[in-house]
>>> print(open('data-v6.tsv').read())   # TSV, C-alpha atoms and all ligand atoms
chain	number	residue	atom	x	y	z
A	1	MET	CA	-62.83	-27.74	-33.76
A	2	THR	CA	-64.46	-26.00	-30.80
A	3	SER	CA	-67.93	-26.90	-29.57
A	4	LYS	CA	-70.56	-24.53	-28.15
A	5	SER	CA	-69.24	-25.28	-24.69
A	6	GLY	CA	-65.84	-23.99	-25.73
A	7	ILE	CA	-64.34	-27.43	-25.46
A	8	ASN	CA	-62.41	-28.99	-28.31
A	9	ASN	CA	-64.05	-31.85	-30.11
A	10	MET	CA	-61.50	-34.49	-30.85
A	11	LYS	CA	-61.19	-36.04	-34.29
A	12	LYS	CA	-62.37	-39.64	-34.34
A	13	ASP	CA	-59.47	-41.87	-33.50
A	14	THR	CA	-57.50	-43.65	-36.15
A	15	PRO	CA	-53.82	-44.31	-35.79
A	16	SER	CA	-51.75	-41.57	-37.33
A	17	ASN	CA	-48.65	-43.60	-38.03
A	18	ALA	CA	-49.73	-47.04	-39.07
A	19	PRO	CA	-51.91	-49.04	-41.42
A	20	VAL	CA	-55.08	-50.58	-40.07
A	21	ILE	CA	-55.85	-53.88	-41.70
A	22	SER	CA	-59.54	-54.45	-41.34
A	23	ARG	CA	-62.45	-55.38	-43.54
A	24	PHE	CA	-64.73	-53.45	-41.26
A	25	SER	CA	-65.43	-49.75	-41.36
A	26	ARG	CA	-66.96	-47.81	-38.48
A	27	ARG	CA	-70.55	-48.81	-37.81
A	28	ALA	CA	-73.19	-46.46	-39.10
A	29	SER	CA	-75.40	-46.79	-36.05
A	30	VAL	CA	-75.73	-48.91	-33.00
A	31	CYS	CA	-78.74	-50.49	-31.40
A	32	ALA	CA	-78.94	-52.54	-28.22
A	33	GLU	CA	-78.12	-55.88	-29.83
A	34	ALA	CA	-78.25	-58.93	-27.62
A	35	TYR	CA	-74.94	-59.71	-25.98
A	36	ASN	CA	-73.86	-62.99	-27.47
A	37	PRO	CA	-70.15	-62.99	-28.11
A	38	ASP	CA	-70.15	-66.69	-28.91
A	39	GLU	CA	-71.97	-65.90	-32.13
A	40	GLU	CA	-69.04	-63.87	-33.41
A	41	ASP	CA	-66.63	-65.90	-35.43
A	42	ASP	CA	-62.93	-65.55	-34.68
A	43	GLU	CA	-61.80	-66.55	-38.11
A	44	THR	CA	-63.77	-63.94	-40.05
A	45	GLU	CA	-61.88	-61.00	-38.51
A	46	LYS	CA	-58.42	-60.01	-39.66
A	47	ARG	CA	-55.68	-59.32	-37.15
A	48	ILE	CA	-54.77	-55.64	-36.85
A	49	ILE	CA	-51.15	-54.61	-36.39
A	50	ASN	CA	-50.13	-51.06	-35.53
A	51	PRO	CA	-46.31	-50.91	-35.37
A	52	LYS	CA	-44.79	-49.25	-32.31
A	53	THR	CA	-41.42	-47.96	-31.19
A	54	ASP	CA	-39.73	-49.66	-28.21
A	55	ASP	CA	-40.69	-46.71	-26.04
A	56	GLN	CA	-44.33	-46.91	-27.13
A	57	ARG	CA	-44.45	-50.65	-26.54
A	58	TYR	CA	-42.98	-50.21	-23.04
A	59	ARG	CA	-45.44	-47.45	-22.13
A	60	LEU	CA	-48.35	-49.46	-23.55
A	61	GLN	CA	-47.42	-52.52	-21.52
A	62	GLU	CA	-47.14	-50.42	-18.34
A	63	ALA	CA	-50.52	-48.77	-18.99
A	64	CYS	CA	-52.23	-52.12	-19.61
A	65	LYS	CA	-50.75	-53.94	-16.60
A	66	ASP	CA	-53.72	-53.45	-14.28
A	67	ILE	CA	-56.57	-53.28	-16.76
A	68	LEU	CA	-59.25	-55.65	-15.51
A	69	LEU	CA	-60.62	-56.53	-18.95
A	70	PHE	CA	-57.15	-57.71	-20.02
A	71	LYS	CA	-56.57	-59.78	-16.93
A	72	ASN	CA	-57.72	-63.19	-18.10
A	73	LEU	CA	-56.32	-63.05	-21.62
A	74	ASP	CA	-53.79	-65.68	-22.59
A	75	GLN	CA	-50.42	-64.65	-24.01
A	76	GLU	CA	-51.50	-64.85	-27.65
A	77	GLN	CA	-54.69	-62.86	-27.06
A	78	MET	CA	-52.77	-60.23	-25.10
A	79	SER	CA	-50.18	-59.85	-27.83
A	80	GLN	CA	-52.94	-59.45	-30.45
A	81	VAL	CA	-54.53	-56.74	-28.30
A	82	LEU	CA	-51.22	-54.90	-27.81
A	83	ASP	CA	-50.44	-55.14	-31.53
A	84	ALA	CA	-53.82	-53.65	-32.44
A	85	MET	CA	-53.66	-50.71	-30.03
A	86	PHE	CA	-52.55	-47.30	-31.26
A	87	GLU	CA	-51.54	-44.12	-29.49
A	88	LYS	CA	-53.48	-40.86	-29.63
A	89	LEU	CA	-52.13	-37.61	-28.24
A	90	VAL	CA	-54.68	-35.51	-26.43
A	91	GLU	CA	-55.01	-31.79	-25.72
A	92	CYS	CA	-56.67	-30.21	-22.72
A	93	GLY	CA	-60.38	-29.86	-23.51
A	94	ASP	CA	-60.55	-32.65	-26.10
A	95	HIS	CA	-63.71	-34.74	-25.99
A	96	ILE	CA	-62.49	-38.33	-26.18
A	97	ILE	CA	-66.05	-39.66	-26.00
A	98	ASP	CA	-69.43	-37.93	-26.28
A	99	GLN	CA	-72.40	-39.44	-24.53
A	100	GLY	CA	-74.94	-40.85	-27.02
A	101	ASP	CA	-72.38	-41.53	-29.79
A	102	ASP	CA	-71.64	-44.96	-31.22
A	103	GLY	CA	-68.71	-46.77	-29.66
A	104	ASP	CA	-65.64	-46.92	-31.89
A	105	ASN	CA	-62.73	-47.61	-29.52
A	106	PHE	CA	-61.88	-48.75	-26.01
A	107	TYR	CA	-59.32	-46.48	-24.33
A	108	VAL	CA	-56.47	-47.09	-21.89
A	109	ILE	CA	-54.88	-44.03	-20.30
A	110	ASP	CA	-51.15	-43.54	-20.84
A	111	ARG	CA	-51.06	-40.15	-19.12
A	112	GLY	CA	-53.23	-37.14	-18.39
A	113	THR	CA	-56.39	-36.38	-16.46
A	114	TYR	CA	-59.94	-36.80	-17.73
A	115	ASP	CA	-63.35	-35.77	-16.37
A	116	ILE	CA	-66.43	-37.99	-16.67
A	117	TYR	CA	-69.77	-36.28	-17.38
A	118	VAL	CA	-73.13	-38.01	-17.31
A	119	LYS	CA	-76.32	-36.25	-18.44
A	120	VAL	CA	-79.12	-36.37	-15.94
A	121	GLU	CA	-82.36	-34.98	-17.39
A	122	GLY	CA	-80.39	-33.29	-20.15
A	123	VAL	CA	-77.86	-31.63	-17.86
A	124	GLY	CA	-74.25	-32.88	-17.86
A	125	ARG	CA	-72.90	-33.51	-14.37
A	126	CYS	CA	-69.27	-34.36	-13.56
A	127	VAL	CA	-69.42	-37.73	-11.79
A	128	GLY	CA	-65.74	-38.49	-11.47
A	129	CYS	CA	-62.35	-38.35	-13.10
A	130	TYR	CA	-59.39	-40.45	-14.16
A	131	ASP	CA	-55.94	-39.45	-12.97
A	132	ASN	CA	-53.12	-40.78	-15.17
A	133	ARG	CA	-54.35	-44.38	-15.07
A	134	GLY	CA	-57.31	-46.59	-15.88
A	135	SER	CA	-59.49	-47.21	-18.89
A	136	PHE	CA	-62.88	-46.25	-20.26
A	137	GLY	CA	-65.18	-46.76	-23.22
A	138	GLU	CA	-65.86	-50.47	-22.71
A	139	LEU	CA	-69.62	-50.25	-22.10
A	140	ALA	CA	-70.75	-49.27	-25.60
A	141	LEU	CA	-68.55	-51.99	-27.08
A	142	MET	CA	-69.58	-54.72	-24.66
A	143	TYR	CA	-73.32	-54.12	-24.72
A	144	ASN	CA	-73.76	-52.45	-28.14
A	145	THR	CA	-75.29	-49.39	-26.55
A	146	PRO	CA	-74.66	-45.67	-27.15
A	147	ARG	CA	-71.86	-44.08	-25.12
A	148	ALA	CA	-73.05	-43.74	-21.51
A	149	ALA	CA	-70.85	-40.76	-20.56
A	150	THR	CA	-68.77	-37.92	-21.99
A	151	ILE	CA	-65.04	-38.04	-21.30
A	152	VAL	CA	-63.12	-34.75	-21.52
A	153	ALA	CA	-59.35	-34.31	-21.16
A	154	THR	CA	-58.46	-31.83	-18.43
A	155	SER	CA	-54.73	-31.79	-19.27
A	156	PRO	CA	-52.53	-32.67	-22.23
A	157	GLY	CA	-52.10	-36.43	-22.33
A	158	ALA	CA	-52.01	-39.63	-24.33
A	159	ILE	CA	-54.36	-42.57	-24.63
A	160	TRP	CA	-54.12	-46.01	-26.20
A	161	CYS	CA	-57.03	-46.95	-28.43
A	162	LEU	CA	-58.31	-50.46	-29.19
A	163	ASP	CA	-60.73	-50.70	-32.12
A	164	ARG	CA	-64.22	-52.08	-31.66
A	165	VAL	CA	-63.72	-55.16	-33.84
A	166	THR	CA	-60.64	-56.39	-31.98
A	167	PHE	CA	-62.25	-55.54	-28.64
A	168	ARG	CA	-65.31	-57.65	-29.42
A	169	ARG	CA	-63.35	-60.46	-31.04
A	170	ILE	CA	-60.98	-60.92	-28.12
A	171	ILE	CA	-62.11	-59.13	-24.95
A	172	VAL	CA	-65.87	-59.64	-25.13
A	173	LYS	CA	-65.48	-63.24	-26.16
A	174	ASN	CA	-63.06	-63.91	-23.34
A	175	ASN	CA	-65.38	-62.22	-20.87
A	176	ALA	CA	-68.12	-64.70	-21.78
A	177	LYS	CA	-66.01	-67.39	-20.06
A	178	LYS	CA	-66.00	-65.32	-16.88
A	179	ARG	CA	-69.79	-65.02	-17.08
A	180	ARG	CA	-70.16	-68.76	-17.30
A	181	MET	CA	-67.86	-69.16	-14.28
A	182	TYR	CA	-69.58	-66.68	-11.95
A	183	GLU	CA	-73.17	-66.49	-13.22
A	184	ASN	CA	-74.59	-69.05	-10.75
A	185	PHE	CA	-72.77	-67.62	-7.76
A	186	ILE	CA	-73.89	-64.05	-8.50
A	187	GLU	CA	-77.46	-65.26	-9.15
A	188	SER	CA	-77.48	-66.88	-5.69
A	189	LEU	CA	-76.62	-63.71	-3.73
A	190	PRO	CA	-79.65	-62.45	-1.79
A	191	PHE	CA	-78.44	-58.83	-1.62
A	192	LEU	CA	-78.41	-58.61	-5.44
A	193	LYS	CA	-82.02	-59.82	-5.79
A	194	SER	CA	-83.28	-56.30	-6.57
A	195	LEU	CA	-81.24	-56.29	-9.80
A	196	GLU	CA	-82.60	-57.52	-13.14
A	197	VAL	CA	-80.92	-60.65	-14.51
A	198	SER	CA	-79.10	-58.57	-17.16
A	199	GLU	CA	-77.83	-56.21	-14.45
A	200	ARG	CA	-76.53	-59.14	-12.42
A	201	LEU	CA	-74.62	-60.32	-15.49
A	202	LYS	CA	-73.07	-56.85	-15.74
A	203	VAL	CA	-71.90	-57.31	-12.15
A	204	VAL	CA	-70.00	-60.40	-13.30
A	205	ASP	CA	-68.39	-58.33	-16.06
A	206	VAL	CA	-66.92	-55.79	-13.64
A	207	ILE	CA	-65.70	-58.03	-10.83
A	208	ASP	CA	-62.07	-58.70	-10.20
A	209	THR	CA	-60.87	-61.54	-7.94
A	210	LYS	CA	-58.28	-61.28	-5.19
A	211	THR	CA	-56.83	-63.92	-2.91
A	212	TYR	CA	-55.48	-63.41	0.61
A	213	VAL	CA	-53.38	-65.59	2.89
A	214	ASP	CA	-54.21	-66.34	6.52
A	215	GLY	CA	-54.02	-63.20	8.65
A	216	GLU	CA	-53.63	-60.81	5.71
A	217	GLN	CA	-55.32	-57.45	6.04
A	218	ILE	CA	-57.96	-56.81	3.38
A	219	ILE	CA	-59.22	-53.44	4.67
A	220	ALA	CA	-57.67	-51.11	7.25
A	221	GLN	CA	-59.88	-49.02	9.53
A	222	GLY	CA	-59.44	-45.33	8.72
A	223	ASP	CA	-58.21	-45.86	5.15
A	224	GLU	CA	-59.82	-44.22	2.16
A	225	ALA	CA	-62.13	-46.62	0.35
A	226	ASP	CA	-62.15	-47.53	-3.32
A	227	SER	CA	-63.69	-51.01	-3.49
A	228	PHE	CA	-66.43	-53.37	-2.39
A	229	PHE	CA	-65.94	-57.06	-1.55
A	230	ILE	CA	-67.96	-60.28	-1.80
A	231	VAL	CA	-66.52	-63.40	-0.14
A	232	GLU	CA	-66.19	-66.22	-2.63
A	233	SER	CA	-64.40	-68.65	-0.32
A	234	GLY	CA	-62.90	-68.72	3.14
A	235	GLU	CA	-63.72	-66.56	6.15
A	236	VAL	CA	-63.20	-62.85	6.79
A	237	LYS	CA	-62.98	-61.30	10.24
A	238	ILE	CA	-64.12	-57.70	10.78
A	239	THR	CA	-62.50	-55.88	13.71
A	240	MET	CA	-62.91	-52.37	15.06
A	241	LYS	CA	-60.90	-50.14	17.35
A	242	THR	CA	-63.14	-48.00	19.53
A	243	LYS	CA	-62.56	-44.29	19.94
A	244	SER	CA	-62.50	-44.59	23.75
A	245	LYS	CA	-58.86	-43.47	24.00
A	246	ALA	CA	-57.71	-40.25	22.41
A	247	ASP	CA	-55.17	-42.11	20.29
A	248	VAL	CA	-57.13	-44.74	18.34
A	249	GLU	CA	-53.84	-46.58	17.62
A	250	GLN	CA	-53.55	-47.56	21.29
A	251	ASN	CA	-56.95	-49.22	21.42
A	252	GLU	CA	-57.49	-52.95	21.21
A	253	ALA	CA	-59.30	-54.12	18.09
A	254	VAL	CA	-62.53	-55.97	18.87
A	255	GLU	CA	-63.99	-58.57	16.52
A	256	ILE	CA	-67.44	-57.45	15.41
A	257	ALA	CA	-68.35	-59.77	12.55
A	258	ARG	CA	-67.34	-62.79	10.47
A	259	TYR	CA	-68.27	-63.29	6.88
A	260	SER	CA	-68.18	-66.36	4.64
A	261	ARG	CA	-69.15	-67.33	1.07
A	262	GLY	CA	-71.82	-65.08	-0.41
A	263	GLN	CA	-71.58	-62.28	2.17
A	264	TYR	CA	-70.30	-58.80	1.42
A	265	PHE	CA	-68.34	-56.07	3.21
A	266	GLY	CA	-66.67	-52.74	2.45
A	267	GLU	CA	-69.88	-51.08	1.25
A	268	LEU	CA	-70.23	-48.70	4.20
A	269	ALA	CA	-67.42	-46.28	3.34
A	270	LEU	CA	-68.58	-46.19	-0.30
A	271	VAL	CA	-72.13	-45.32	0.76
A	272	THR	CA	-71.16	-42.77	3.42
A	273	ASN	CA	-68.06	-41.31	1.71
A	274	LYS	CA	-66.23	-41.75	4.98
A	275	PRO	CA	-63.01	-43.66	5.79
A	276	ARG	CA	-63.25	-47.42	6.43
A	277	ALA	CA	-65.19	-47.93	9.68
A	278	ALA	CA	-63.48	-51.23	10.53
A	279	SER	CA	-60.67	-53.54	9.43
A	280	ALA	CA	-61.02	-56.85	7.61
A	281	TYR	CA	-58.62	-59.83	7.86
A	282	ALA	CA	-58.45	-63.20	6.13
A	283	ILE	CA	-58.90	-66.25	8.33
A	284	GLY	CA	-57.14	-69.00	6.42
A	285	GLY	CA	-56.99	-68.60	2.65
A	286	VAL	CA	-59.65	-66.24	1.32
A	287	LYS	CA	-60.87	-65.40	-2.17
A	288	CYS	CA	-62.97	-62.29	-2.71
A	289	LEU	CA	-64.74	-60.77	-5.67
A	290	VAL	CA	-63.82	-57.09	-5.77
A	291	MET	CA	-65.72	-54.27	-7.44
A	292	ASP	CA	-64.35	-50.74	-7.79
A	293	VAL	CA	-66.28	-47.73	-6.54
A	294	GLN	CA	-67.32	-46.56	-10.03
A	295	ALA	CA	-68.90	-49.92	-10.84
A	296	PHE	CA	-70.44	-50.11	-7.35
A	297	GLU	CA	-72.14	-46.75	-7.87
A	298	ARG	CA	-73.18	-47.49	-11.43
A	299	LEU	CA	-74.57	-50.97	-10.88
A	300	LEU	CA	-75.64	-51.43	-7.28
A	301	GLY	CA	-78.03	-48.47	-6.84
A	302	PRO	CA	-81.08	-50.79	-6.79
A	303	CYS	CA	-79.51	-52.78	-3.90
A	304	MET	CA	-79.07	-49.72	-1.69
A	305	GLU	CA	-82.24	-50.30	0.35
A	306	ILE	CA	-81.03	-53.73	1.48
A	307	MET	CA	-77.56	-52.38	2.21
A	308	LYS	CA	-78.89	-49.43	4.16
A	309	ARG	CA	-81.05	-51.70	6.33
A	310	ASN	CA	-77.92	-53.65	7.10
A	311	ILE	CA	-76.04	-50.48	8.01
A	312	ALA	CA	-78.80	-49.69	10.55
A	313	ASN	CA	-78.05	-53.11	12.05
A	314	TYR	CA	-74.36	-52.22	12.32
A	315	GLU	CA	-75.26	-49.15	14.35
A	316	GLU	CA	-77.44	-51.16	16.73
A	317	GLN	CA	-74.67	-53.71	17.14
A	318	LEU	CA	-72.09	-51.00	17.89
A	319	VAL	CA	-74.32	-49.35	20.47
A	320	ALA	CA	-74.77	-52.76	22.14
A	321	LEU	CA	-71.00	-53.44	22.05
A	322	PHE	CA	-69.46	-50.05	22.73
A	323	GLY	CA	-72.35	-47.86	23.94
A	324	THR	CA	-71.97	-45.66	20.84
A	325	ASN	CA	-72.71	-46.02	17.13
A	326	MET	CA	-69.11	-44.81	16.48
A	327	ASP	CA	-70.49	-42.11	14.14
A	328	ILE	CA	-70.28	-44.60	11.27
A	329	THR	CA	-72.95	-42.85	9.24
A	330	ASP	CA	-72.81	-39.30	10.63
A	331	PRO	CA	-71.45	-36.61	8.32
A	332	ILE	CA	-67.73	-35.96	8.85
A	333	SER	CA	-67.43	-33.12	11.33
B	401	LIG	P1	-68.92	-46.09	-22.75
B	401	LIG	O1	-70.37	-46.00	-22.44
B	401	LIG	O2	-68.50	-46.94	-23.87
B	401	LIG	O3	-68.35	-44.62	-22.98
B	401	LIG	C1	-68.29	-43.74	-21.86
B	401	LIG	C2	-67.49	-44.42	-20.77
B	401	LIG	O4	-67.37	-43.71	-19.56
B	401	LIG	C3	-68.18	-45.71	-20.34
B	401	LIG	O5	-68.15	-46.61	-21.42
B	401	LIG	C4	-67.39	-46.04	-19.10
B	401	LIG	O6	-66.18	-46.69	-19.47
B	401	LIG	C5	-67.01	-44.66	-18.57
B	401	LIG	N1	-67.73	-44.29	-17.33
B	401	LIG	C6	-67.14	-43.89	-16.19
B	401	LIG	N2	-68.04	-43.57	-15.25
B	401	LIG	C7	-69.25	-43.79	-15.81
B	401	LIG	C8	-70.58	-43.67	-15.32
B	401	LIG	N3	-70.84	-43.24	-14.08
B	401	LIG	N4	-71.58	-43.99	-16.15
B	401	LIG	C9	-71.33	-44.41	-17.39
B	401	LIG	N5	-70.08	-44.54	-17.91
B	401	LIG	C10	-69.05	-44.26	-17.13
B	402	LIG	P1	-66.36	-50.19	5.36
B	402	LIG	O1	-66.50	-49.17	6.42
B	402	LIG	O2	-66.26	-49.76	3.97
B	402	LIG	O3	-65.13	-51.15	5.74
B	402	LIG	C1	-65.24	-51.96	6.91
B	402	LIG	C2	-66.46	-52.84	6.77
B	402	LIG	O4	-66.80	-53.66	7.89
B	402	LIG	C3	-67.72	-51.98	6.64
B	402	LIG	O5	-67.63	-51.22	5.43
B	402	LIG	C4	-68.79	-53.02	6.74
B	402	LIG	O6	-68.96	-53.65	5.50
B	402	LIG	C5	-68.16	-54.04	7.70
B	402	LIG	N1	-68.85	-54.07	9.02
B	402	LIG	C6	-69.36	-55.17	9.59
B	402	LIG	N2	-69.95	-54.87	10.77
B	402	LIG	C7	-69.81	-53.56	10.95
B	402	LIG	C8	-70.21	-52.66	11.98
B	402	LIG	N3	-70.87	-53.08	13.07
B	402	LIG	N4	-69.92	-51.37	11.83
B	402	LIG	C9	-69.25	-50.93	10.74
B	402	LIG	N5	-68.83	-51.74	9.73
B	402	LIG	C10	-69.11	-53.05	9.84
>>> encode(input="data-v6.tsv", output="structure tokens", more="lines below")
Ligand code: CMP
Ligand code: CMP
Amino acid sequence: MTSKSGINNMKKDTPSNAPVISRFSRRASVCAEAYNPDEEDDETEKRIINPKTDDQRYRLQEACKDILLFKNLDQEQMSQVLDAMFEKLVECGDHIIDQGDDGDNFYVIDRGTYDIYVKVEGVGRCVGCYDNRGSFGELALMYNTPRAATIVATSPGAIWCLDRVTFRRIIVKNNAKKRRMYENFIESLPFLKSLEVSERLKVVDVIDTKTYVDGEQIIAQGDEADSFFIVESGEVKITMKTKSKADVEQNEAVEIARYSRGQYFGELALVTNKPRAASAYAIGGVKCLVMDVQAFERLLGPCMEIMKRNIANYEEQLVALFGTNMDITDPIS
């Protein structure tokens, strides 16, 4: 089927080669129900098994390796998720998701490229893309809201689909544990005060955690940026090489800041779209909460004023230290 825009509309996803054992049919409509996964009862849902070839199982496991929402599942939960997933082949131009629709599946990319469109005042704008990895379609299932974006394949590809019922039964329920673990910490962070309580809980949903050993580099000056960090424990040292010598590599790195529990770093390059302005190293063991750039942009807009004030402080500090603001916020020439 071809839409007015000339782009193929994909058939709704059901596995082509396997039985789906479920007492639940697709929901007729979705409203913004309260998020309370604890109310859903494990035992009332039947386990779904979609048989796979060895090759499919291998590719599925590879595709799911780095999916954040699968990270804290135990072995049994993970095997139930893998069993339930089914493969869908995709053609260039297929709409995998249309903004405003009900959420039926969560998707993990096996291969292919996909554009993300979000309507702003009725006009669809491309806000990003996925390139052969990653996942999408979790928001409507987690928060019982309509689809927040349109996802269009820009090449032939394949995606793995996880039905709504299994997603809510296993992933959403498991995520509630993470909320309980990080809720108080996130609530205590001054730079997130401009967010509503429900938005701060969504921050918990998207954070990953990473640990670093003493001396390990967390960020390298000059690198491209894709994430934002909050220190959960330990100390982080920020160092910068000045541009005083033609070859930046030959310059000594100077320590410009130290951060501990509750402080953040790595926002500057995401805000300015420039390379990392400084490096970050662990002092002793460090644990950070890490948010990817898509989640940073989607969730932290209301905190931008606070962050921008802080960036003005960086510039003052650099002028005092080096006699120049190091062009940290100037457009790339
Ligand atoms: P969902 O709302 O279920 O369906 C569309 C998906 O697009 C959404 O979940 C996210 O997984 C993904 N997405 C990627 N970027 C954005 C964005 N900027 N805004 C909303 N959704 C996005
Ligand atoms: P980013 O440029 O993404 O990566 C390095 C981080 O160091 C930067 O974001 C800031 O979060 C942090 N930083 C701390 N002090 C400064 C400073 N004076 N100038 C630039 N970055 C700083």
>>> atom_distance(input="data-v6.tsv", atom1="atom CA of A:Gly128", atom2="atom N3 of ligand LIG 401 (chain B)")
7.4 Å
>>> closest_residue(input="data-v6.tsv", among="A:Leu289, A:Phe229, A:Gly301, A:Thr150", to="ligand LIG 402 (chain B)", atoms="all atoms listed in the file")
A:Phe229
>>> closest_atom_pairs(input="data-v6.tsv", of="chain A", to="ligand LIG 402 (chain B)", cutoff="7 Å", atoms="only C-alpha atoms and all ligand atoms", output="tab-separated table")
residue	atom	partner	partner_atom	distance
A:Ile219	CA	B:LIG402	O3	6.4
A:Gln221	CA	B:LIG402	C1	6.7
A:Ala225	CA	B:LIG402	O2	6.3
A:Ile238	CA	B:LIG402	O4	5.6
A:Ile256	CA	B:LIG402	N2	5.9
A:Ala257	CA	B:LIG402	N2	5.5
A:Tyr264	CA	B:LIG402	O6	6.7
A:Phe265	CA	B:LIG402	O6	3.4
A:Gly266	CA	B:LIG402	O2	3.4
A:Glu267	CA	B:LIG402	O2	4.7
A:Leu268	CA	B:LIG402	O5	3.8
A:Ala269	CA	B:LIG402	O2	3.7
A:Leu270	CA	B:LIG402	O2	6.0
A:Pro275	CA	B:LIG402	O1	6.6
A:Arg276	CA	B:LIG402	O1	3.7
A:Ala277	CA	B:LIG402	O1	3.7
A:Ala278	CA	B:LIG402	C1	4.1
A:Ser279	CA	B:LIG402	C1	5.5
A:Ala280	CA	B:LIG402	C1	6.5
A:Tyr314	CA	B:LIG402	N3	3.7
A:Glu315	CA	B:LIG402	N3	6.0
A:Gln317	CA	B:LIG402	N3	5.6
A:Leu318	CA	B:LIG402	N3	5.4
A:Ile328	CA	B:LIG402	C9	6.4
>>> closest_residue(input="data-v6.tsv", among="A:Tyr182, A:Tyr259, A:Tyr143, A:Phe136", to="ligand LIG 401 (chain B)", atoms="all atoms listed in the file")
A:Phe136
>>> residues_around(input="data-v6.tsv", residues="stretch 187-203 of chain A", least_positions_apart="3", cutoff="8 Å", atoms="only C-alpha atoms", output="list in words")
Arg179, Glu183, Asn184, Val206, Ile207, Gly262, Gln263, Leu299, Leu300, Pro302, Cys303, Ile306 and Met307 of chain A
>>> closest_residue(input="data-v6.tsv", among="A:Ala140, A:Val165, A:Ile109, A:Val127", to="A:Lys88", atoms="all atoms listed in the file")
A:Ile109
>>> residues_near_ligand(input="data-v6.tsv", ligand="ligand LIG 401 (chain B)", cutoff="9 Å", atoms="all atoms listed in the file", output="number ranges by chain")
A: 97-107, 115-118, 127-130, 135-151, 294-295, 297-298
>>> closest_residue(input="data-v6.tsv", among="A:Asp131, A:Glu121, A:Asp208, A:Asp214", to="A:Val290", atoms="all atoms listed in the file")
A:Asp208
>>> closest_residue(input="data-v6.tsv", among="A:Val293, A:Leu68, A:Val81, A:Val319", to="A:Ile48", atoms="all atoms listed in the file")
A:Val81
>>> closest_residue(input="data-v6.tsv", among="A:Thr324, A:Lys308, A:Asp330, A:Arg164", to="A:Asn273", atoms="all atoms listed in the file")
A:Asp330
>>> atom_distance(input="data-v6.tsv", atom1="atom CA of A:Thr272", atom2="atom CA of A:Gly122")
27.0 Å
>>> atom_distance(input="data-v6.tsv", atom1="atom CA of A:Leu60", atom2="atom CA of A:Leu82")
7.5 Å
>>> axis_aligned_box(input="data-v6.tsv", around="stretch 294-312 of chain A", padding_each_side="6 Å", output="JSON")
{"center_x": -74.8, "center_y": -50.1, "center_z": -0.4, "size_x": 26.9, "size_y": 19.2, "size_z": 34.0}
>>> residues_around(input="data-v6.tsv", residues="A:Gly112", least_positions_apart="6", cutoff="8 Å", atoms="only C-alpha atoms", output="list in words")
Asp131, Asn132, Ala153, Thr154, Ser155, Pro156, Gly157 and Ala158 of chain A
>>> residues_around(input="data-v6.tsv", residues="A:Leu73", least_positions_apart="6", cutoff="10 Å", atoms="all atoms listed in the file", output="list in words")
Ser79, Val81, Ile170, Ile171, Asn174 and Asn175 of chain A
